[in-house]
Every structure is written in C-alpha cells, then in structure tokens.
Amino acid sequence: MRKMRNLHLWIGLISSVFLLVEAVTGLLLSEPWLIGQTERGEMHRAVQEGRSSFGAGAGASTAPMAPRAEGGGSSLMMFVRQLHEGRLGSLDIRWAVDLAAVAMIVLTATGIFLSIRTLSAGRKRKQKRMPVAPETT
C-alpha cells in the first residue's frame with residue numbers, strides 16, 4: 001500500500017506541473033488582456049482570418065494558419081468546440097470557463113505545495129529514525 005501511495009504522490013506531482021502550465025496558458029489565451037495583448041475579439045478575428053499574432057518575433061513563420069473546418073463533423077465535436085470557445089449555442093459562458101481555469105490553477109498549485117510538504121515531512125521522519133553512528137577518535 002505504501003508503494004502505491006508513493007507512486008500516486010509522484011505521478012500526481014509530476015503531472016500537476018503540466019496541468020498547471022495548461023491551465024495558466026489556457027487562461028491567457030482566453031483572456032489575452034491579462035498579459036497586455038490585444039483584446040479577445042481582435043485575436044479571434046486574426047485566427048479566423050488565418051493569421052496569428054503569436055510568435056511574430058524573429059524567425060517566426062509568416063505562412064497563414066490552416067483554416068478550421070467549421071462545417072460537418074458530429075454534434076459532439078460541435079459541442080466540444082463551442083465549449084472551448086466559451087459558448088453553448090448562443091449562451092456566452094466565457095466567465096464559467098475562466099472561473100474553471102482559475103479554480104484549476106488554485107487547486108493544482110495548492111496540490112503541488114501539499115505534495116512537497118508531504119515529501120519533506122517524510123524525509124525528516126526518515127532522518128529521525130536513523131540512529132547517529134558514534135564517532136570514534
């Protein structure tokens with residue numbers, strides 16, 4: 001059982017770093033004004049027109065982005081796409097998507113913090129259990 005707990009702890013700790021990066025970058029893509037970029041509407045129009053404002057620095061590709069396929073596809077795929085764009089039909093739910101991203105960031109950051117505290121407490125417990133060898137002179 002202890003091995004399973006340690007495995008769970010380490011897998012959770014490593015994967016939570018990636019989850020934290022995904023949540024932060026997703027929030028920044030959703031709300032570019034948080035980092036001083038263009039407003040959401042301008043960025044969305046740029047993506048629809050096939051040009052991206054990301055990576056516009058030196059060495060960036062100037063080729064237009066591939067157009068997104070809007071037509072066809074299953075209703076499940078349309079639902080997923082709308083959900084990630086912050087809308088359900090004509091209902092604007094961007095606030096809920098942003099709130100979920102902030103909640104994910106907080107939960108992941110506190111999970112990392114608690115995991116590190118658990119690991120350090122375990123390390124201290126091990127050090128206390130190990131007897132100190134007497135020094136011989």
# chains A, B, ... in the order shown; residues from 1 in each chain; ligands from 1

$ residues_around --residues "Ser30 (chain A)" --least-positions-apart "6" --cutoff "9 Å" --atoms "only C-alpha atoms" --output "MDAnalysis selection string"
chainID A and resid 40 85:86 94 97:98

$ atom_distance --atom1 "CA of Gly111 (chain A)" --atom2 "CA of Gly12 (chain A)"
8.6 Å
